[in-house]
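Novice: Dropping in entry_32.cif, which is mmCIF, C-alpha atoms:
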```cif
data_entry
#
loop_
_atom_site.group_PDB
_atom_site.id
_atom_site.type_symbol
_atom_site.label_atom_id
_atom_site.label_comp_id
_atom_site.auth_asym_id
_atom_site.auth_seq_id
_atom_site.Cartn_x
_atom_site.Cartn_y
_atom_site.Cartn_z
ATOM 1 C CA MET A 90 -15.901 -66.563 -83.947
ATOM 2 C CA LYS A 91 -14.925 -64.466 -86.909
ATOM 3 C CA LYS A 92 -14.221 -61.477 -84.690
ATOM 4 C CA GLY A 93 -12.131 -63.638 -82.365
ATOM 5 C CA CYS A 94 -10.198 -65.049 -85.299
ATOM 6 C CA LEU A 95 -9.483 -61.569 -86.622
ATOM 7 C CA ILE A 96 -8.235 -60.415 -83.217
ATOM 8 C CA GLY A 97 -6.084 -63.534 -82.913
ATOM 9 C CA SER A 98 -4.682 -63.060 -86.391
ATOM 10 C CA GLY A 99 -3.930 -59.415 -85.628
ATOM 11 C CA ILE A 100 -2.082 -60.317 -82.454
ATOM 12 C CA PHE A 101 -0.127 -63.015 -84.273
ATOM 13 C CA ALA A 102 0.788 -60.604 -87.057
ATOM 14 C CA ALA A 103 1.891 -57.966 -84.537
ATOM 15 C CA VAL A 104 4.027 -60.484 -82.676
ATOM 16 C CA ALA A 105 5.519 -61.723 -85.958
ATOM 17 C CA ILE A 106 6.339 -58.174 -87.061
ATOM 18 C CA LEU A 107 7.894 -57.418 -83.668
ATOM 19 C CA PHE A 108 9.922 -60.611 -83.798
ATOM 20 C CA LEU A 109 11.164 -59.914 -87.312
ATOM 21 C CA GLY A 110 12.004 -56.360 -86.277
ATOM 22 C CA LEU A 111 14.089 -57.640 -83.385
ATOM 23 C CA VAL A 112 15.820 -60.146 -85.664
ATOM 24 C CA PHE A 113 16.713 -57.494 -88.229
ATOM 25 C CA TRP A 114 17.857 -55.150 -85.459
ATOM 26 C CA GLY A 115 20.001 -57.890 -83.934
ATOM 27 C CA VAL A 116 21.563 -58.686 -87.310
ATOM 28 C CA SER A 117 22.295 -54.995 -87.909
ATOM 29 C CA VAL A 118 23.890 -54.595 -84.487
ATOM 30 C CA ASN A 119 25.903 -57.793 -84.935
ATOM 31 C CA ASN A 120 27.217 -56.638 -88.310
ATOM 32 C CA LYS A 121 28.153 -53.252 -86.863
ATOM 33 C CA MET A 122 30.104 -54.957 -84.078
ATOM 34 C CA ILE A 123 31.927 -57.073 -86.655
ATOM 35 C CA ASP A 124 32.852 -53.958 -88.640
ATOM 36 C CA LEU A 125 34.108 -52.152 -85.533
ATOM 37 C CA SER A 126 36.053 -55.218 -84.403
ATOM 38 C CA LYS A 127 37.690 -55.541 -87.819
ATOM 39 C CA ASP A 128 38.705 -51.885 -87.684
ATOM 40 C CA VAL A 129 40.384 -52.510 -84.312
ATOM 41 C CA GLU A 130 42.237 -55.458 -85.827
ATOM 42 C CA LEU A 131 43.322 -53.286 -88.762
ATOM 43 C CA LYS A 132 44.703 -50.653 -86.399
ATOM 44 C CA TRP A 133 46.405 -53.399 -84.408
ATOM 45 C CA SER A 134 48.216 -54.599 -87.512
ATOM 46 C CA SER A 135 49.707 -51.108 -87.860
ATOM 47 C CA VAL A 136 50.836 -51.208 -84.218
ATOM 48 C CA GLU A 137 52.473 -54.585 -84.736
ATOM 49 C CA SER A 138 54.150 -53.388 -87.909
ATOM 50 C CA SER A 139 55.662 -50.350 -86.170
ATOM 51 C CA TYR A 140 56.912 -52.395 -83.221
ATOM 52 C CA GLN A 141 58.325 -54.963 -85.648
ATOM 53 C CA ARG A 142 60.218 -52.220 -87.449
ATOM 54 C CA ARG A 143 61.770 -51.194 -84.124
ATOM 55 C CA ALA A 144 62.622 -54.826 -83.409
ATOM 56 C CA ASN A 145 64.327 -55.072 -86.798
ATOM 57 C CA LEU A 146 66.397 -51.944 -86.206
ATOM 58 C CA ILE A 147 67.671 -53.004 -82.776
ATOM 59 C CA PRO A 148 70.007 -55.828 -83.951
ATOM 60 C CA MET A 149 71.432 -53.507 -86.597
ATOM 61 C CA LEU A 150 72.125 -50.816 -84.009
ATOM 62 C CA ALA A 151 73.541 -53.311 -81.523
ATOM 63 C CA ALA A 152 75.828 -54.855 -84.139
ATOM 64 C CA THR A 153 77.076 -51.449 -85.265
ATOM 65 C CA VAL A 154 77.771 -50.341 -81.694
ATOM 66 C CA ASN A 155 79.464 -53.633 -80.916
ATOM 67 C CA LYS A 156 81.677 -53.291 -83.973
ATOM 68 C CA ALA A 157 82.635 -49.727 -83.130
ATOM 69 C CA THR A 158 83.502 -50.272 -79.469
ATOM 70 C CA ASN A 159 84.013 -52.968 -76.880
ATOM 71 C CA TYR A 160 82.237 -50.984 -74.180
ATOM 72 C CA GLU A 161 78.681 -51.401 -72.865
ATOM 73 C CA LYS A 162 78.504 -55.149 -73.461
ATOM 74 C CA GLU A 163 76.002 -55.507 -70.636
ATOM 75 C CA THR A 164 73.774 -52.820 -72.135
ATOM 76 C CA LEU A 165 73.880 -54.459 -75.552
ATOM 77 C CA THR A 166 72.981 -57.820 -74.042
ATOM 78 C CA ALA A 167 70.042 -56.306 -72.165
ATOM 79 C CA VAL A 168 68.651 -54.795 -75.365
ATOM 80 C CA ILE A 169 68.922 -58.050 -77.306
ATOM 81 C CA GLU A 170 67.343 -60.057 -74.482
ATOM 82 C CA ALA A 171 64.483 -57.564 -74.108
ATOM 83 C CA ARG A 172 63.872 -57.685 -77.851
ATOM 84 C CA ALA A 173 63.809 -61.487 -77.825
ATOM 85 C CA LYS A 174 61.270 -61.482 -74.998
ATOM 86 C CA ALA A 175 59.061 -58.917 -76.717
ATOM 87 C CA THR A 176 59.032 -60.692 -80.079
ATOM 88 C CA SER A 177 58.017 -63.929 -78.348
ATOM 89 C CA VAL A 178 54.776 -62.338 -77.139
ATOM 90 C CA GLN A 179 52.234 -62.968 -79.880
ATOM 91 C CA ILE A 180 48.585 -61.905 -79.753
ATOM 92 C CA ASP A 181 45.716 -63.207 -81.836
ATOM 93 C CA PRO A 182 44.160 -60.067 -83.406
ATOM 94 C CA SER A 183 40.691 -61.456 -82.668
ATOM 95 C CA ASN A 184 41.556 -61.806 -78.968
ATOM 96 C CA LEU A 185 42.889 -58.384 -77.995
ATOM 97 C CA THR A 186 41.702 -58.612 -74.404
ATOM 98 C CA PRO A 187 42.974 -56.183 -71.736
ATOM 99 C CA GLU A 188 45.043 -58.989 -70.206
ATOM 100 C CA LYS A 189 46.704 -59.915 -73.494
ATOM 101 C CA LEU A 190 47.419 -56.319 -74.411
ATOM 102 C CA GLU A 191 48.923 -55.656 -70.977
ATOM 103 C CA GLU A 192 51.279 -58.607 -71.454
ATOM 104 C CA PHE A 193 52.314 -57.279 -74.860
ATOM 105 C CA GLN A 194 52.782 -53.764 -73.508
ATOM 106 C CA GLN A 195 54.925 -54.876 -70.583
ATOM 107 C CA ALA A 196 57.233 -56.736 -72.954
ATOM 108 C CA GLN A 197 57.534 -53.698 -75.220
ATOM 109 C CA THR A 198 58.191 -51.486 -72.193
ATOM 110 C CA GLY A 199 61.213 -53.675 -71.406
ATOM 111 C CA VAL A 200 62.512 -53.090 -74.918
ATOM 112 C CA GLY A 201 61.973 -49.355 -74.636
ATOM 113 C CA SER A 202 63.816 -49.140 -71.326
ATOM 114 C CA ALA A 203 66.774 -51.197 -72.533
ATOM 115 C CA LEU A 204 66.926 -49.283 -75.803
ATOM 116 C CA GLY A 205 66.837 -45.994 -73.931
ATOM 117 C CA ARG A 206 69.831 -47.029 -71.842
ATOM 118 C CA LEU A 207 71.721 -48.003 -74.991
ATOM 119 C CA LEU A 208 71.020 -44.651 -76.624
ATOM 120 C CA VAL A 209 72.182 -42.833 -73.521
ATOM 121 C CA SER A 210 75.363 -44.922 -73.429
ATOM 122 C CA ILE A 211 76.095 -44.030 -77.052
ATOM 123 C CA GLU A 212 76.148 -40.361 -76.118
ATOM 124 C CA ARG A 213 79.004 -41.033 -73.696
ATOM 125 C CA TYR A 214 81.420 -42.097 -76.420
ATOM 126 C CA PRO A 215 82.551 -39.559 -79.035
ATOM 127 C CA GLU A 216 83.515 -42.309 -81.459
ATOM 128 C CA LEU A 217 79.955 -43.629 -81.376
ATOM 129 C CA LYS A 218 78.331 -40.201 -81.613
ATOM 130 C CA ALA A 219 80.366 -39.500 -84.735
ATOM 131 C CA ASN A 220 79.601 -42.848 -86.375
ATOM 132 C CA GLN A 221 77.418 -42.126 -89.417
ATOM 133 C CA ASN A 222 75.846 -45.583 -89.426
ATOM 134 C CA ILE A 223 74.804 -45.214 -85.801
ATOM 135 C CA LEU A 224 73.448 -41.723 -86.439
ATOM 136 C CA ALA A 225 71.386 -43.023 -89.347
ATOM 137 C CA LEU A 226 69.970 -45.859 -87.222
ATOM 138 C CA GLN A 227 69.183 -43.424 -84.398
ATOM 139 C CA ASN A 228 67.226 -41.261 -86.824
ATOM 140 C CA GLN A 229 65.314 -44.284 -88.067
ATOM 141 C CA LEU A 230 64.547 -45.318 -84.501
ATOM 142 C CA GLU A 231 63.308 -41.840 -83.662
ATOM 143 C CA GLY A 232 60.967 -41.924 -86.649
ATOM 144 C CA THR A 233 59.798 -45.386 -85.660
ATOM 145 C CA GLU A 234 59.043 -44.314 -82.082
ATOM 146 C CA ASN A 235 56.937 -41.453 -83.416
ATOM 147 C CA ARG A 236 55.124 -43.895 -85.686
ATOM 148 C CA ILE A 237 54.494 -46.233 -82.748
ATOM 149 C CA LYS A 238 52.879 -43.430 -80.769
ATOM 150 C CA ILE A 239 50.601 -42.485 -83.667
ATOM 151 C CA ASP A 240 49.598 -46.093 -84.308
ATOM 152 C CA ARG A 241 48.914 -46.711 -80.611
ATOM 153 C CA ASP A 242 46.738 -43.602 -80.435
ATOM 154 C CA ASN A 243 44.793 -44.714 -83.518
ATOM 155 C CA PHE A 244 44.367 -48.173 -82.023
ATOM 156 C CA ASN A 245 43.108 -46.766 -78.727
ATOM 157 C CA GLN A 246 40.603 -44.581 -80.527
ATOM 158 C CA SER A 247 39.263 -47.485 -82.573
ATOM 159 C CA ALA A 248 39.142 -49.841 -79.565
ATOM 160 C CA THR A 249 37.378 -47.201 -77.454
ATOM 161 C CA THR A 250 34.697 -46.765 -80.121
ATOM 162 C CA TYR A 251 34.213 -50.532 -80.255
ATOM 163 C CA ASN A 252 34.124 -50.929 -76.461
ATOM 164 C CA SER A 253 31.605 -48.127 -76.102
ATOM 165 C CA TYR A 254 29.334 -49.647 -78.735
ATOM 166 C CA ILE A 255 29.209 -53.141 -77.231
ATOM 167 C CA ARG A 256 28.583 -51.808 -73.707
ATOM 168 C CA LYS A 257 25.556 -49.714 -74.550
ATOM 169 C CA ILE A 258 22.106 -51.023 -73.631
ATOM 170 C CA PRO A 259 20.497 -52.919 -75.342
ATOM 171 C CA LYS A 260 23.387 -53.651 -77.723
ATOM 172 C CA ASN A 261 25.259 -55.318 -74.869
ATOM 173 C CA ILE A 262 22.684 -58.134 -75.019
ATOM 174 C CA VAL A 263 23.714 -58.928 -78.579
ATOM 175 C CA ALA A 264 27.394 -58.557 -77.653
ATOM 176 C CA ASP A 265 27.073 -61.034 -74.783
ATOM 177 C CA PHE A 266 25.047 -63.467 -76.886
ATOM 178 C CA ARG A 267 27.494 -63.320 -79.812
ATOM 179 C CA GLY A 268 30.620 -63.351 -77.637
ATOM 180 C CA PHE A 269 31.999 -59.900 -78.432
ATOM 181 C CA LYS A 270 34.575 -59.110 -75.756
ATOM 182 C CA GLU A 271 36.082 -55.824 -74.580
ATOM 183 C CA LYS A 272 39.329 -54.813 -76.290
ATOM 184 C CA GLY A 273 42.388 -53.763 -74.314
ATOM 185 C CA LEU A 274 43.850 -50.271 -74.496
ATOM 186 C CA PHE A 275 47.400 -48.981 -74.310
ATOM 187 C CA LYS A 276 47.967 -47.149 -71.041
ATOM 188 C CA SER A 277 50.087 -44.053 -70.622
ATOM 189 C CA ASP A 278 49.253 -42.821 -67.119
ATOM 190 C CA ALA A 279 52.458 -44.028 -65.466
ATOM 191 C CA GLY A 280 54.731 -42.961 -68.305
ATOM 192 C CA ALA A 281 56.808 -46.144 -68.294
ATOM 193 C CA GLU A 282 54.379 -47.791 -70.700
ATOM 194 C CA ASN A 283 55.013 -45.166 -73.360
ATOM 195 C CA ALA A 284 57.341 -45.835 -76.230
ATOM 196 C CA PRO A 285 60.602 -44.147 -75.287
ATOM 197 C CA ASP A 286 61.100 -40.569 -76.441
ATOM 198 C CA VAL A 287 64.386 -40.980 -78.263
ATOM 199 C CA ASP A 288 64.854 -37.275 -78.839
ATOM 200 C CA LYS A 289 64.402 -36.519 -75.135
ATOM 201 C CA LEU A 290 66.808 -39.291 -74.152
ATOM 202 C CA LEU A 291 69.452 -37.852 -76.428
ATOM 203 C CA ASN A 292 68.926 -34.276 -75.217
ATOM 204 C CA ASP A 293 69.009 -35.285 -71.542
ATOM 205 C CA THR A 294 72.526 -36.654 -71.904
ATOM 206 C CA LYS A 295 73.975 -33.546 -73.484
#
```
Hey, can you dump this file as structure tokens for me?

Specialist:
Amino acid sequence: MKKGCLIGSGIFAAVAILFLGLVFWGVSVNNKMIDLSKDVELKWSSVESSYQRRANLIPMLAATVNKATNYEKETLTAVIEARAKATSVQIDPSNLTPEKLEEFQQAQTGVGSALGRLLVSIERYPELKANQNILALQNQLEGTENRIKIDRDNFNQSATTYNSYIRKIPKNIVADFRGFKEKGLFKSDAGAENAPDVDKLLNDTK
């Protein structure tokens, strides 16, 4: 009986140790996923900030162009409407799913396309090209577009690290159990999704 009790106690202790080990491992993995997810959200806030800066510059540029000339009314309207549509797309940082990010990106692509057309139209009018206020806003936009690209790249890197971590076996078990979802990524394969290259747009019209 004593021998049987010792064996039973040993098995119980081994099972208890294994269980506790799994619990501690699960907690560690869960905390790591939280840290990685928070880093993605932090990078996302930088992306939003850069796009918001572009959105803030657009009305200033449109108003300056409108004041300087009566031409390109349709182009100005398209830019303002695209901006309004883009700023209406809001994403919860904790829910950056591929579907949500694609919706956000499509809206921003519309802004980029409309803004690109406006910048090209400015090059057609000497009075606009010589306007110091417009030149200053163009320079700010160019810097903002560069910032957007950097912030998107940083976001993609962070989201890729997170996605890779939650997919790996056996961590994916914890991810599924705790509800950690895949994060979306900015796409650049087709080219249209990229933030417009202001410098290239300006050079192409010369």

Novice: Could I get the residues of stretch 194-294 of chain A with an atom no further than 10 Å from an atom of stretch 113-117 of chain A, each paired with its nearest atom pair and that distance in Å to one decimal, using only C-alpha atoms, sorted by chain and residue number, as a Markdown table?

Specialist:
```
| residue | atom | partner | partner_atom | distance |
| --- | --- | --- | --- | --- |
| A:Pro259 | CA | A:Gly115 | CA | 9.9 |
| A:Lys260 | CA | A:Gly115 | CA | 8.2 |
| A:Ile262 | CA | A:Gly115 | CA | 9.3 |
| A:Val263 | CA | A:Gly115 | CA | 6.6 |
| A:Ala264 | CA | A:Gly115 | CA | 9.7 |
```

Novice: Using only C-alpha atoms, which residue out of A:Ala105, A:Leu190, A:Val200, A:Ile211 lies closest to A:Ala248?

Specialist: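 That would be A:Leu190, the residue with the smallest distance to A:Ala248.
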
Novice: What gap, in Å, lies between atom CA of A:Ile255 and atom CA of A:Val178?

Specialist: 27.2 Å

Novice: Which residues would end up in the selection if the PyMOL selection byres ((chain A and resi 212-227) around 9) were applied here, given that I need the answer as a PyMOL selection string?

Specialist: chain A and resi 146-147+149-150+153-154+157-158+207-211+228-232+287+291+294-295

Novice: Could you write out as JSON the box around stretch 175-180 of chain A (axis-aligned, all atoms listed in the file, 3 Å on each side), with centre and edge lengths in Å to one decimal?

Specialist:
```
{"center_x": 53.8, "center_y": -61.4, "center_z": -78.4, "size_x": 16.5, "size_y": 11.0, "size_z": 9.4}
```

Novice: Figure out the distance between atom CA of A:Ile180 and atom CA of A:Ser139, please, to one decimal in Å.

Specialist: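 Separation between atom CA of A:Ser139 and atom CA of A:Ile180: 15.0 Å.
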
Novice: Please compute the atom CA of A:Val129-atom CA of A:Phe244 distance, one decimal, in Å.

Specialist: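 It comes out at 6.3 Å.
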
Novice: Using only C-alpha atoms, which residue out of A:Arg206, A:Lys272, A:Thr198, A:Ile239 lies closest to A:Leu165?

Specialist: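 Looking at the shortest contact to A:Leu165, the residue is A:Arg206.
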
Novice: Neighbourhood query: residues within 7 Å of (47.1, -58.1, -85.1), file coordinates, counting all atoms listed in the file; return as a list in words.

Specialist: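 Checking each residue against the 7 Å limit leaves Glu130, Trp133, Ser134, Glu137, Ile180, Asp181 and Pro182 of chain A.
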